>>> print(open('input34.txt').read())   # compact mmCIF, C-alpha atoms and all ligand atoms
# COMPACT_ATOMS: atom_id res chain seq x y z
CA MET A 204 -100.90 -20.34 -90.11
CA ALA A 205 -103.35 -17.92 -91.62
CA ASN A 206 -103.18 -14.51 -90.08
CA ILE A 207 -106.77 -14.30 -88.86
CA ALA A 208 -106.50 -17.67 -87.10
CA ALA A 209 -103.36 -16.76 -85.18
CA LYS A 210 -104.64 -13.31 -84.26
CA ARG A 211 -107.92 -14.68 -83.05
CA ILE A 212 -106.33 -17.40 -80.95
CA LYS A 213 -104.16 -14.76 -79.28
CA ARG A 214 -107.22 -12.66 -78.46
CA GLU A 215 -109.06 -15.73 -77.20
CA PHE A 216 -106.14 -16.77 -75.07
CA LYS A 217 -106.36 -13.45 -73.23
CA GLU A 218 -110.11 -13.84 -72.87
CA VAL A 219 -109.77 -17.30 -71.33
CA MET A 220 -106.99 -16.22 -68.99
CA ASN A 221 -109.17 -13.41 -67.64
CA SER A 222 -112.29 -15.55 -67.34
CA GLU A 223 -114.04 -16.52 -64.15
CA GLU A 224 -113.75 -20.17 -65.09
CA VAL A 225 -109.95 -20.03 -65.10
CA ALA A 226 -109.97 -18.05 -61.87
CA GLY A 227 -112.23 -20.70 -60.34
CA GLY A 228 -110.01 -23.51 -61.62
CA TYR A 229 -112.76 -25.09 -63.77
CA ILE A 230 -110.93 -24.85 -67.07
CA LYS A 231 -107.35 -24.16 -68.19
CA LEU A 232 -105.66 -23.39 -71.46
CA ALA A 233 -101.94 -23.63 -72.21
CA LEU A 234 -99.76 -23.22 -75.29
CA VAL A 235 -97.94 -26.25 -76.63
CA ASN A 236 -95.75 -24.50 -79.20
CA ASP A 237 -94.97 -21.00 -80.45
CA SER A 238 -97.10 -21.27 -83.56
CA TRP A 239 -100.47 -21.07 -81.78
CA THR A 240 -101.69 -24.09 -83.77
CA GLU A 241 -101.78 -26.47 -80.86
CA LEU A 242 -102.99 -25.89 -77.34
CA GLN A 243 -103.65 -27.95 -74.30
CA GLY A 244 -107.00 -27.63 -72.59
CA THR A 245 -107.89 -28.84 -69.13
CA ILE A 246 -111.31 -29.29 -67.60
CA VAL A 247 -112.27 -30.58 -64.20
CA GLY A 248 -115.03 -33.15 -63.83
CA PRO A 249 -118.35 -31.52 -62.90
CA PRO A 250 -119.82 -32.11 -59.43
CA ASP A 251 -122.43 -34.86 -58.99
CA THR A 252 -121.03 -36.86 -61.88
CA PRO A 253 -118.70 -39.88 -61.87
CA TYR A 254 -116.04 -37.52 -63.26
CA GLU A 255 -116.07 -35.34 -60.12
CA GLY A 256 -112.63 -34.76 -58.68
CA GLY A 257 -110.91 -35.73 -61.94
CA THR A 258 -108.77 -33.48 -64.14
CA PHE A 259 -109.01 -34.13 -67.87
CA GLN A 260 -106.48 -33.04 -70.49
CA LEU A 261 -107.58 -32.21 -74.01
CA GLU A 262 -105.56 -31.85 -77.19
CA ILE A 263 -106.66 -28.80 -79.20
CA LYS A 264 -105.54 -28.38 -82.81
CA VAL A 265 -106.39 -25.11 -84.50
CA PRO A 266 -106.86 -25.38 -88.27
CA GLU A 267 -105.56 -22.74 -90.69
CA THR A 268 -109.15 -21.89 -91.50
CA TYR A 269 -110.12 -21.16 -87.88
CA PRO A 270 -112.58 -19.68 -86.87
CA PHE A 271 -114.44 -20.60 -90.05
CA ASN A 272 -113.88 -24.25 -89.17
CA PRO A 273 -113.96 -25.75 -85.68
CA PRO A 274 -110.87 -26.64 -83.66
CA LYS A 275 -110.06 -30.35 -83.55
CA ILE A 276 -110.32 -31.51 -79.96
CA ARG A 277 -109.88 -34.89 -78.32
CA PHE A 278 -109.45 -36.19 -74.81
CA VAL A 279 -105.87 -37.11 -73.97
CA THR A 280 -106.89 -38.36 -70.54
CA LYS A 281 -108.72 -41.65 -70.90
CA ILE A 282 -112.39 -41.37 -70.03
CA TRP A 283 -115.44 -43.66 -69.93
CA HIS A 284 -118.28 -41.67 -71.49
CA PRO A 285 -120.85 -42.50 -74.22
CA ASN A 286 -119.84 -39.54 -76.39
CA VAL A 287 -116.09 -40.04 -76.14
CA SER A 288 -114.15 -42.88 -77.72
CA SER A 289 -112.56 -44.95 -74.95
CA VAL A 290 -109.81 -45.79 -77.47
CA THR A 291 -108.92 -42.54 -79.27
CA GLY A 292 -110.50 -39.87 -77.08
CA ALA A 293 -112.46 -38.55 -80.09
CA ILE A 294 -115.46 -36.48 -79.01
CA CYS A 295 -118.91 -36.58 -80.55
CA LEU A 296 -120.26 -33.09 -79.99
CA ASP A 297 -122.37 -31.24 -82.57
CA ILE A 298 -120.65 -27.86 -82.16
CA LEU A 299 -117.33 -29.49 -83.05
CA LYS A 300 -118.92 -30.67 -86.29
CA ASP A 301 -121.86 -29.36 -88.30
CA GLN A 302 -123.16 -27.05 -85.56
CA TRP A 303 -119.95 -25.07 -85.35
CA ALA A 304 -120.37 -21.28 -85.46
CA ALA A 305 -117.53 -18.81 -85.93
CA ALA A 306 -118.50 -16.88 -82.80
CA LEU A 307 -117.87 -19.90 -80.57
CA THR A 308 -114.53 -19.69 -78.77
CA LEU A 309 -112.16 -22.11 -77.06
CA ARG A 310 -113.68 -20.97 -73.79
CA THR A 311 -117.26 -21.78 -74.83
CA VAL A 312 -116.13 -25.04 -76.41
CA LEU A 313 -114.31 -26.18 -73.27
CA LEU A 314 -117.39 -25.31 -71.21
CA SER A 315 -119.57 -27.29 -73.65
CA ILE A 316 -117.33 -30.33 -73.31
CA GLN A 317 -117.53 -29.98 -69.56
CA ALA A 318 -121.33 -29.79 -69.84
CA LEU A 319 -121.28 -32.96 -71.93
CA LEU A 320 -119.74 -34.74 -68.94
CA SER A 321 -122.79 -33.70 -66.89
CA ALA A 322 -125.34 -34.65 -69.53
CA ALA A 323 -124.39 -37.36 -72.01
CA GLU A 324 -126.18 -37.58 -75.35
CA ALA A 325 -126.87 -41.31 -75.50
CA GLY A 326 -128.77 -40.91 -78.76
CA ASP A 327 -125.63 -39.77 -80.53
CA PRO A 328 -122.88 -42.02 -79.19
CA GLN A 329 -119.21 -42.00 -80.11
CA ASP A 330 -118.45 -45.24 -78.28
CA ALA A 331 -121.14 -47.88 -78.89
CA VAL A 332 -120.03 -50.15 -76.05
CA VAL A 333 -120.06 -47.38 -73.46
CA ALA A 334 -123.39 -46.10 -74.75
CA LYS A 335 -124.96 -49.56 -74.45
CA GLN A 336 -123.80 -49.87 -70.86
CA TYR A 337 -125.03 -46.33 -70.17
CA ARG A 338 -128.52 -47.26 -71.40
CA GLU A 339 -128.79 -50.79 -70.05
CA SER A 340 -126.87 -50.87 -66.77
CA GLN A 341 -126.72 -47.35 -65.44
CA GLN A 342 -125.24 -48.42 -62.08
CA LEU A 343 -122.38 -50.34 -63.68
CA PHE A 344 -121.76 -47.45 -66.03
CA LEU A 345 -121.44 -44.98 -63.13
CA LEU A 346 -119.03 -47.26 -61.29
CA THR A 347 -116.93 -47.86 -64.40
CA ALA A 348 -116.77 -44.14 -65.18
CA ARG A 349 -115.77 -43.39 -61.58
CA HIS A 350 -113.12 -46.09 -61.71
CA TRP A 351 -111.61 -44.64 -64.91
CA THR A 352 -111.70 -41.16 -63.35
CA ASN A 353 -109.83 -42.51 -60.35
CA VAL A 354 -107.18 -44.34 -62.37
CA TYR A 355 -106.58 -41.89 -65.24
CA ALA A 356 -107.76 -38.48 -64.05
CA GLY A 357 -106.78 -38.50 -60.40
CA GLY A 358 -110.32 -38.85 -59.09
CA PRO A 359 -110.77 -39.64 -55.40
CA SER A 360 -112.88 -42.80 -55.36
CA ALA A 361 -111.22 -46.10 -56.02
CA ILE A 362 -113.52 -49.03 -56.75
CA TRP A 363 -111.87 -51.83 -54.79
CA GLU A 364 -113.61 -54.69 -56.59
CA PHE A 365 -112.60 -53.40 -60.03
CA ASP A 366 -108.99 -52.83 -58.95
CA GLN A 367 -108.88 -56.44 -57.78
CA LYS A 368 -110.15 -57.73 -61.09
CA VAL A 369 -107.65 -55.68 -63.07
CA GLN A 370 -104.91 -57.03 -60.80
CA ARG A 371 -106.02 -60.63 -61.52
CA LEU A 372 -105.48 -60.02 -65.25
CA LEU A 373 -102.19 -58.22 -64.60
CA ASP A 374 -101.02 -61.33 -62.79
CA MET A 375 -101.71 -63.28 -65.98
CA GLY A 376 -99.35 -60.94 -67.85
CA ILE A 377 -101.98 -58.77 -69.50
CA ASP A 378 -101.24 -55.08 -70.06
CA GLU A 379 -103.00 -52.96 -67.44
CA HIS A 380 -104.96 -50.71 -69.77
CA GLU A 381 -105.94 -53.60 -72.04
CA ALA A 382 -107.19 -55.47 -69.00
CA ARG A 383 -109.26 -52.50 -67.85
CA VAL A 384 -110.77 -52.02 -71.31
CA ALA A 385 -111.73 -55.69 -71.61
CA LEU A 386 -113.31 -55.76 -68.15
CA SER A 387 -115.17 -52.49 -68.76
CA HIS A 388 -116.49 -53.82 -72.07
CA TYR A 389 -117.74 -57.05 -70.52
CA ASP A 390 -119.50 -55.47 -67.55
CA TRP A 391 -116.65 -56.54 -65.23
CA GLU A 392 -117.26 -60.26 -65.79
CA LEU A 393 -113.77 -61.64 -65.35
CA GLU A 394 -114.44 -64.82 -67.28
CA ARG A 395 -115.74 -63.16 -70.45
CA ALA A 396 -113.01 -60.53 -70.36
CA THR A 397 -110.34 -63.23 -70.02
CA GLU A 398 -111.86 -65.23 -72.84
CA GLN A 399 -111.77 -62.22 -75.14
CA LEU A 400 -108.20 -61.33 -74.20
CA PHE A 401 -106.92 -64.81 -74.96
CA SER A 402 -108.99 -65.44 -78.05
CA MET B 37 -153.30 -17.93 -103.51
CA ALA B 38 -150.08 -19.84 -104.11
CA ASP B 39 -150.80 -23.31 -105.44
CA TYR B 40 -149.36 -26.47 -103.95
CA PHE B 41 -146.57 -26.70 -106.50
CA GLN B 42 -145.49 -23.15 -105.88
CA GLU B 43 -145.66 -23.64 -102.15
CA MET B 44 -143.47 -26.70 -102.41
CA GLY B 45 -140.98 -24.82 -104.55
CA TRP B 46 -141.70 -27.10 -107.53
CA ARG B 47 -141.35 -25.94 -111.09
CA GLU B 48 -141.23 -27.42 -114.57
CA LEU B 49 -137.91 -28.74 -115.82
CA GLU B 50 -135.92 -26.50 -118.12
CA ASP B 51 -135.06 -27.78 -121.61
CA GLY B 52 -132.59 -30.61 -121.24
CA GLU B 53 -132.64 -30.47 -117.42
CA GLN B 54 -132.56 -33.78 -115.61
CA PRO B 55 -134.89 -34.29 -112.65
CA ASN B 56 -133.18 -34.34 -109.26
CA HIS B 57 -134.11 -37.87 -108.27
CA LEU B 58 -132.76 -37.63 -104.77
CA LEU B 59 -134.83 -34.55 -104.08
CA HIS B 60 -137.98 -36.16 -105.50
CA MET B 61 -137.41 -39.31 -103.54
CA ALA B 62 -137.02 -37.29 -100.35
CA ARG B 63 -140.27 -35.42 -101.04
CA PHE B 64 -142.07 -38.67 -101.75
CA LEU B 65 -140.84 -40.30 -98.57
CA ILE B 66 -141.71 -37.25 -96.50
CA ASP B 67 -145.19 -36.94 -97.94
CA PHE B 68 -145.94 -40.56 -97.22
CA GLY B 69 -144.51 -40.39 -93.74
CA HIS B 70 -141.61 -42.76 -94.31
CA TYR B 71 -138.82 -40.36 -93.61
CA ASP B 72 -139.20 -39.42 -89.99
CA ASP B 73 -135.53 -38.73 -89.38
CA TYR B 74 -135.35 -36.36 -92.28
CA LEU B 75 -138.53 -34.70 -91.17
CA THR B 76 -138.03 -34.35 -87.45
CA GLY B 77 -134.25 -34.40 -87.43
CA GLU B 78 -131.65 -31.85 -88.23
CA TRP B 79 -130.06 -31.22 -91.58
CA PRO B 80 -127.33 -33.89 -91.55
CA ARG B 81 -124.45 -31.58 -92.47
CA LEU B 82 -123.47 -27.93 -92.38
CA PRO B 83 -126.33 -25.97 -94.01
CA PRO B 84 -125.37 -24.48 -97.38
CA ALA B 85 -124.07 -20.96 -98.13
CA ALA B 86 -126.36 -17.93 -97.87
CA SER B 87 -127.90 -16.86 -101.18
CA LYS B 88 -125.96 -14.34 -103.24
CA GLU B 89 -128.95 -12.03 -103.07
CA ALA B 90 -129.13 -12.09 -99.26
CA VAL B 91 -125.41 -11.44 -98.93
CA LYS B 92 -125.60 -8.57 -101.39
CA ASN B 93 -128.50 -7.06 -99.46
CA LEU B 94 -126.78 -6.95 -96.08
CA GLN B 95 -126.94 -3.45 -94.62
CA GLU B 96 -123.77 -1.46 -94.24
CA ILE B 97 -123.57 0.69 -91.15
CA VAL B 98 -121.03 3.01 -89.56
CA ILE B 99 -119.93 2.13 -86.04
CA GLN B 100 -120.94 4.86 -83.57
CA THR B 101 -119.83 3.54 -80.20
CA GLU B 102 -116.70 2.00 -78.77
CA ASN B 103 -116.31 -1.41 -77.19
CA LYS B 104 -118.16 -3.47 -79.75
CA GLU B 105 -116.22 -6.33 -81.30
CA CYS B 106 -116.64 -8.45 -84.41
CA PRO B 107 -117.68 -11.90 -83.14
CA ILE B 108 -115.63 -13.61 -85.87
CA CYS B 109 -112.14 -12.09 -85.53
CA LEU B 110 -112.81 -10.70 -82.01
CA LYS B 111 -111.23 -7.39 -82.95
CA LYS B 112 -112.79 -4.22 -81.50
CA PHE B 113 -114.48 -1.94 -84.01
CA GLN B 114 -113.19 1.61 -84.27
CA VAL B 115 -115.63 4.50 -84.17
CA ASN B 116 -116.54 5.50 -87.77
CA GLU B 117 -115.44 2.11 -89.09
CA LYS B 118 -117.84 0.43 -91.54
CA ALA B 119 -119.51 -2.85 -90.65
CA LYS B 120 -122.10 -5.22 -92.11
CA GLU B 121 -125.31 -5.78 -90.19
CA MET B 122 -127.23 -9.07 -90.29
CA PRO B 123 -131.06 -8.92 -90.04
CA CYS B 124 -130.65 -10.07 -86.41
CA HIS B 125 -128.66 -6.81 -85.88
CA HIS B 126 -125.34 -8.51 -85.19
CA LEU B 127 -122.38 -6.61 -86.64
CA PHE B 128 -119.32 -7.96 -88.44
CA HIS B 129 -116.43 -6.88 -90.62
CA GLU B 130 -117.44 -7.31 -94.22
CA LYS B 131 -114.60 -9.71 -94.98
CA CYS B 132 -115.32 -11.79 -91.87
CA ILE B 133 -119.07 -12.25 -92.40
CA ILE B 134 -118.83 -12.84 -96.15
CA THR B 135 -116.24 -15.58 -95.69
CA TRP B 136 -118.62 -17.22 -93.19
CA LEU B 137 -121.82 -16.80 -95.24
CA ASN B 138 -120.12 -18.25 -98.32
CA GLN B 139 -119.79 -21.38 -96.24
CA THR B 140 -123.10 -21.55 -94.34
CA ASN B 141 -126.24 -19.46 -94.12
CA SER B 142 -126.66 -18.48 -90.46
CA CYS B 143 -125.45 -15.75 -88.13
CA PRO B 144 -122.32 -17.07 -86.38
CA PHE B 145 -123.52 -15.45 -83.19
CA CYS B 146 -127.24 -16.33 -82.91
CA ARG B 147 -127.81 -18.72 -85.86
CA TYR B 148 -130.43 -16.49 -87.51
CA GLU B 149 -130.83 -18.05 -90.95
CA LEU B 150 -130.57 -16.26 -94.29
CA PRO B 151 -132.15 -17.85 -97.38
CA THR B 152 -129.93 -20.10 -99.50
CA ASP B 153 -129.71 -20.90 -103.21
CA ASP B 154 -129.88 -24.63 -102.40
CA GLU B 155 -133.16 -26.16 -103.59
CA GLU B 156 -132.84 -29.28 -101.51
CA TYR B 157 -132.15 -27.38 -98.30
CA GLU B 158 -135.03 -24.94 -98.88
CA ALA B 159 -137.38 -27.90 -99.44
CA PHE B 160 -136.16 -29.43 -96.19
CA LYS B 161 -136.83 -26.20 -94.30
CA LYS B 162 -140.35 -25.91 -95.72
CA GLN B 163 -141.13 -29.50 -94.84
CA LYS B 164 -139.89 -29.01 -91.34
CA LEU B 165 -142.03 -25.93 -90.89
CA ARG B 166 -145.07 -27.77 -92.24
CA ALA B 167 -144.42 -30.70 -89.93
CA GLU B 168 -144.24 -28.36 -86.94
CA GLN B 169 -147.48 -26.64 -87.95
CA ARG B 170 -149.19 -29.97 -88.43
CA LYS B 171 -148.07 -31.07 -84.99
CA GLU B 172 -149.42 -27.86 -83.48
CA ASP B 173 -152.72 -28.32 -85.29
CA ILE B 174 -153.06 -31.82 -83.94
CA GLU B 175 -152.28 -30.66 -80.44
CA THR B 176 -154.84 -27.86 -80.65
CA LEU B 177 -157.43 -30.32 -81.90
CA HIS B 178 -156.53 -32.79 -79.17
CA ASN B 179 -156.78 -30.11 -76.49
CA SER B 180 -160.13 -28.87 -77.74
CA MET B 181 -161.50 -32.41 -77.68
CA PHE B 182 -160.21 -33.45 -74.30
CA SER B 183 -160.22 -30.31 -72.16
ZN ZN A 501 -114.05 -9.32 -87.98
ZN ZN A 502 -127.24 -12.79 -85.12
>>> encode(input="input34.txt", output="structure tokens", more="lines below")
Ligand SMILES: [Zn+2]
Ligand SMILES: [Zn+2]
Amino acid sequence: MANIAAKRIKREFKEVMNSEEVAGGYIKLALVNDSWTELQGTIVGPPDTPYEGGTFQLEIKVPETYPFNPPKIRFVTKIWHPNVSSVTGAICLDILKDQWAAALTLRTVLLSIQALLSAAEAGDPQDAVVAKQYRESQQLFLLTARHWTNVYAGGPSAIWEFDQKVQRLLDMGIDEHEARVALSHYDWELERATEQLFS
Amino acid sequence: MADYFQEMGWRELEDGEQPNHLLHMARFLIDFGHYDDYLTGEWPRLPPAASKEAVKNLQEIVIQTENKECPICLKKFQVNEKAKEMPCHHLFHEKCIITWLNQTNSCPFCRYELPTDDEEYEAFKKQKLRAEQRKEDIETLHNSMFS
């Protein structure tokens, strides 16, 4: 790894560790290997959002050309959000692409991703299905996002009705995550989800 | 007074130079109001490198106080160390800021923009400015009529 990248990541690591946000438990950063090229980020779901109470893991890959190019970040924890792929965890956030600036740091990037959970950018979606639900059935979107937070991120509120529907598909021998994805995609209509799964 | 062609950054083709059709098409669409995204939106990729001239003209200063750091490598400057100053007064190591400006034209700290050598991008910036002014003019007119 290029010298400047490794040196900068080390300095940033110290900065994050001494930050208020780490002290307050809002974000975390951990090393994955000795080479400083891969890190694990953690953010907690912001209050007054369906992600509240959840803990979300992020994979951070630092390119050789850092900080002249942005880090590559994706959600490892599955999440239901218009700007995050429900399949790959890829994030659509301008500062991770063409709005990157070399003075941004892992700390500011993690905080920006956390802010994205509070205020989605529906005009610039990463996941078209989630974005459509976000625009057209806000209530269903909030419940689905809360359900995913509960199941995958340790969030506190279980949605009983959704759990029941997932269980119905499990009983038919469908994989749990596949079942949840199908139901979420079809606005929790059991019949349409089943149809799609068996088509 | 600068004429319209000058203002738009237009010039005659050099001997043997081919017209940039994409650029002309973009201008045409903008002028006839068919290219709203291009006009109101953002540049769709990383803006181009700063112009050679602008990079060459960056001020060099000598660091006087402790505790300032280069926002690119995050290393603290030493007193008496040389640094480059952007017009927005942000300070960087020469190597750090030049690597960045060879890639894109703005201050990595505050996004202050330096000029570029990219004709298409400069045309886009001018159009955007004109669109904003036009919008302001319309608003002023509207307010004077209805207040
Ligand atoms: Zn530097
Ligand atoms: Zn600046």
>>> atom_distance(input="input34.txt", atom1="CA of Val91 (chain B)", atom2="CA of Ile134 (chain B)")
7.3 Å
>>> interface_residues(input="input34.txt", of="chain A", to="chain B", cutoff="12 Å", atoms="all atoms listed in the file", output="number ranges by chain")
A: 206-218, 268-273, 297-308
>>> atom_distance(input="input34.txt", atom1="CA of Gln163 (chain B)", atom2="CA of Ser87 (chain B)")
19.4 Å
>>> atom_distance(input="input34.txt", atom1="CA of Leu372 (chain A)", atom2="CA of Leu393 (chain A)")
8.4 Å
>>> residues_around(input="input34.txt", residues="Lys264 (chain A)", least_positions_apart="5", cutoff="9 Å", atoms="all atoms listed in the file", output="list in words")
Trp239, Thr240, Glu241, Leu242, Gln243, Pro274, Lys275 and Ile276 of chain A
>>> closest_residue(input="input34.txt", among="A:Thr291, A:Ser360, A:Thr280, A:Asn286", to="Val247 (chain A)", atoms="only C-alpha atoms")
A:Thr280
>>> build_atoms(input="input34.txt", residues="region 87-115 of chain B", atoms="N, CA and C atoms", output="mmCIF file, in the frame of the given file")
data_model
loop_
_atom_site.group_PDB
_atom_site.id
_atom_site.type_symbol
_atom_site.label_atom_id
_atom_site.label_comp_id
_atom_site.auth_asym_id
_atom_site.auth_seq_id
_atom_site.Cartn_x
_atom_site.Cartn_y
_atom_site.Cartn_z
ATOM 1 N N SER B 87 -127.696 -17.196 -99.758
ATOM 2 C CA SER B 87 -127.900 -16.860 -101.180
ATOM 3 C C SER B 87 -127.127 -15.589 -101.525
ATOM 4 N N LYS B 88 -126.721 -15.506 -102.776
ATOM 5 C CA LYS B 88 -125.960 -14.340 -103.240
ATOM 6 C C LYS B 88 -126.745 -13.059 -102.982
ATOM 7 N N GLU B 89 -128.036 -13.156 -103.255
ATOM 8 C CA GLU B 89 -128.950 -12.030 -103.070
ATOM 9 C C GLU B 89 -128.923 -11.529 -101.619
ATOM 10 N N ALA B 90 -129.087 -12.464 -100.682
ATOM 11 C CA ALA B 90 -129.130 -12.090 -99.260
ATOM 12 C C ALA B 90 -127.821 -11.455 -98.814
ATOM 13 N N VAL B 91 -126.709 -11.995 -99.297
ATOM 14 C CA VAL B 91 -125.410 -11.440 -98.930
ATOM 15 C C VAL B 91 -125.258 -10.037 -99.491
ATOM 16 N N LYS B 92 -125.703 -9.875 -100.738
ATOM 17 C CA LYS B 92 -125.600 -8.570 -101.390
ATOM 18 C C LYS B 92 -126.440 -7.525 -100.643
ATOM 19 N N ASN B 93 -127.575 -7.994 -100.100
ATOM 20 C CA ASN B 93 -128.500 -7.060 -99.460
ATOM 21 C C ASN B 93 -128.194 -6.732 -97.998
ATOM 22 N N LEU B 94 -127.116 -7.274 -97.469
ATOM 23 C CA LEU B 94 -126.780 -6.950 -96.080
ATOM 24 C C LEU B 94 -126.548 -5.451 -95.930
ATOM 25 N N GLN B 95 -127.080 -4.881 -94.857
ATOM 26 C CA GLN B 95 -126.940 -3.450 -94.620
ATOM 27 C C GLN B 95 -125.506 -3.105 -94.238
ATOM 28 N N GLU B 96 -125.050 -1.955 -94.709
ATOM 29 C CA GLU B 96 -123.770 -1.460 -94.240
ATOM 30 C C GLU B 96 -124.027 -0.335 -93.258
ATOM 31 N N ILE B 97 -123.370 -0.374 -92.129
ATOM 32 C CA ILE B 97 -123.570 0.690 -91.150
ATOM 33 C C ILE B 97 -122.210 1.253 -90.715
ATOM 34 N N VAL B 98 -122.252 2.407 -90.078
ATOM 35 C CA VAL B 98 -121.030 3.010 -89.560
ATOM 36 C C VAL B 98 -121.058 2.905 -88.043
ATOM 37 N N ILE B 99 -119.992 2.356 -87.492
ATOM 38 C CA ILE B 99 -119.930 2.130 -86.040
ATOM 39 C C ILE B 99 -119.919 3.479 -85.297
ATOM 40 N N GLN B 100 -120.802 3.587 -84.304
ATOM 41 C CA GLN B 100 -120.940 4.860 -83.570
ATOM 42 C C GLN B 100 -120.313 4.811 -82.176
ATOM 43 N N THR B 101 -120.292 3.615 -81.592
ATOM 44 C CA THR B 101 -119.830 3.540 -80.200
ATOM 45 C C THR B 101 -118.620 2.633 -80.075
ATOM 46 N N GLU B 102 -117.871 2.834 -79.025
ATOM 47 C CA GLU B 102 -116.700 2.000 -78.770
ATOM 48 C C GLU B 102 -117.111 0.692 -78.101
ATOM 49 N N ASN B 103 -116.140 -0.183 -77.972
ATOM 50 C CA ASN B 103 -116.310 -1.410 -77.190
ATOM 51 C C ASN B 103 -117.168 -2.497 -77.805
ATOM 52 N N LYS B 104 -117.508 -2.353 -79.079
ATOM 53 C CA LYS B 104 -118.160 -3.470 -79.750
ATOM 54 C C LYS B 104 -117.092 -4.242 -80.495
ATOM 55 N N GLU B 105 -117.218 -5.579 -80.528
ATOM 56 C CA GLU B 105 -116.220 -6.330 -81.300
ATOM 57 C C GLU B 105 -116.890 -7.219 -82.331
ATOM 58 N N CYS B 106 -116.151 -7.532 -83.378
ATOM 59 C CA CYS B 106 -116.640 -8.450 -84.410
ATOM 60 C C CYS B 106 -116.561 -9.859 -83.833
ATOM 61 N N PRO B 107 -117.698 -10.578 -83.783
ATOM 62 C CA PRO B 107 -117.680 -11.900 -83.140
ATOM 63 C C PRO B 107 -116.838 -12.929 -83.896
ATOM 64 N N ILE B 108 -116.417 -12.620 -85.120
ATOM 65 C CA ILE B 108 -115.630 -13.610 -85.870
ATOM 66 C C ILE B 108 -114.132 -13.446 -85.596
ATOM 67 N N CYS B 109 -113.587 -12.231 -85.761
ATOM 68 C CA CYS B 109 -112.140 -12.090 -85.530
ATOM 69 C C CYS B 109 -111.858 -11.575 -84.122
ATOM 70 N N LEU B 110 -112.908 -11.202 -83.389
ATOM 71 C CA LEU B 110 -112.810 -10.700 -82.010
ATOM 72 C C LEU B 110 -112.059 -9.378 -81.885
ATOM 73 N N LYS B 111 -111.896 -8.685 -83.004
ATOM 74 C CA LYS B 111 -111.230 -7.390 -82.950
ATOM 75 C C LYS B 111 -112.263 -6.304 -82.648
ATOM 76 N N LYS B 112 -111.872 -5.318 -81.829
ATOM 77 C CA LYS B 112 -112.790 -4.220 -81.500
ATOM 78 C C LYS B 112 -112.976 -3.330 -82.722
ATOM 79 N N PHE B 113 -114.221 -2.901 -82.936
ATOM 80 C CA PHE B 113 -114.480 -1.940 -84.010
ATOM 81 C C PHE B 113 -114.013 -0.555 -83.573
ATOM 82 N N GLN B 114 -113.520 0.218 -84.535
ATOM 83 C CA GLN B 114 -113.190 1.610 -84.270
ATOM 84 C C GLN B 114 -114.427 2.459 -84.558
ATOM 85 N N VAL B 115 -114.553 3.577 -83.853
ATOM 86 C CA VAL B 115 -115.630 4.500 -84.170
ATOM 87 C C VAL B 115 -115.424 4.992 -85.613
#
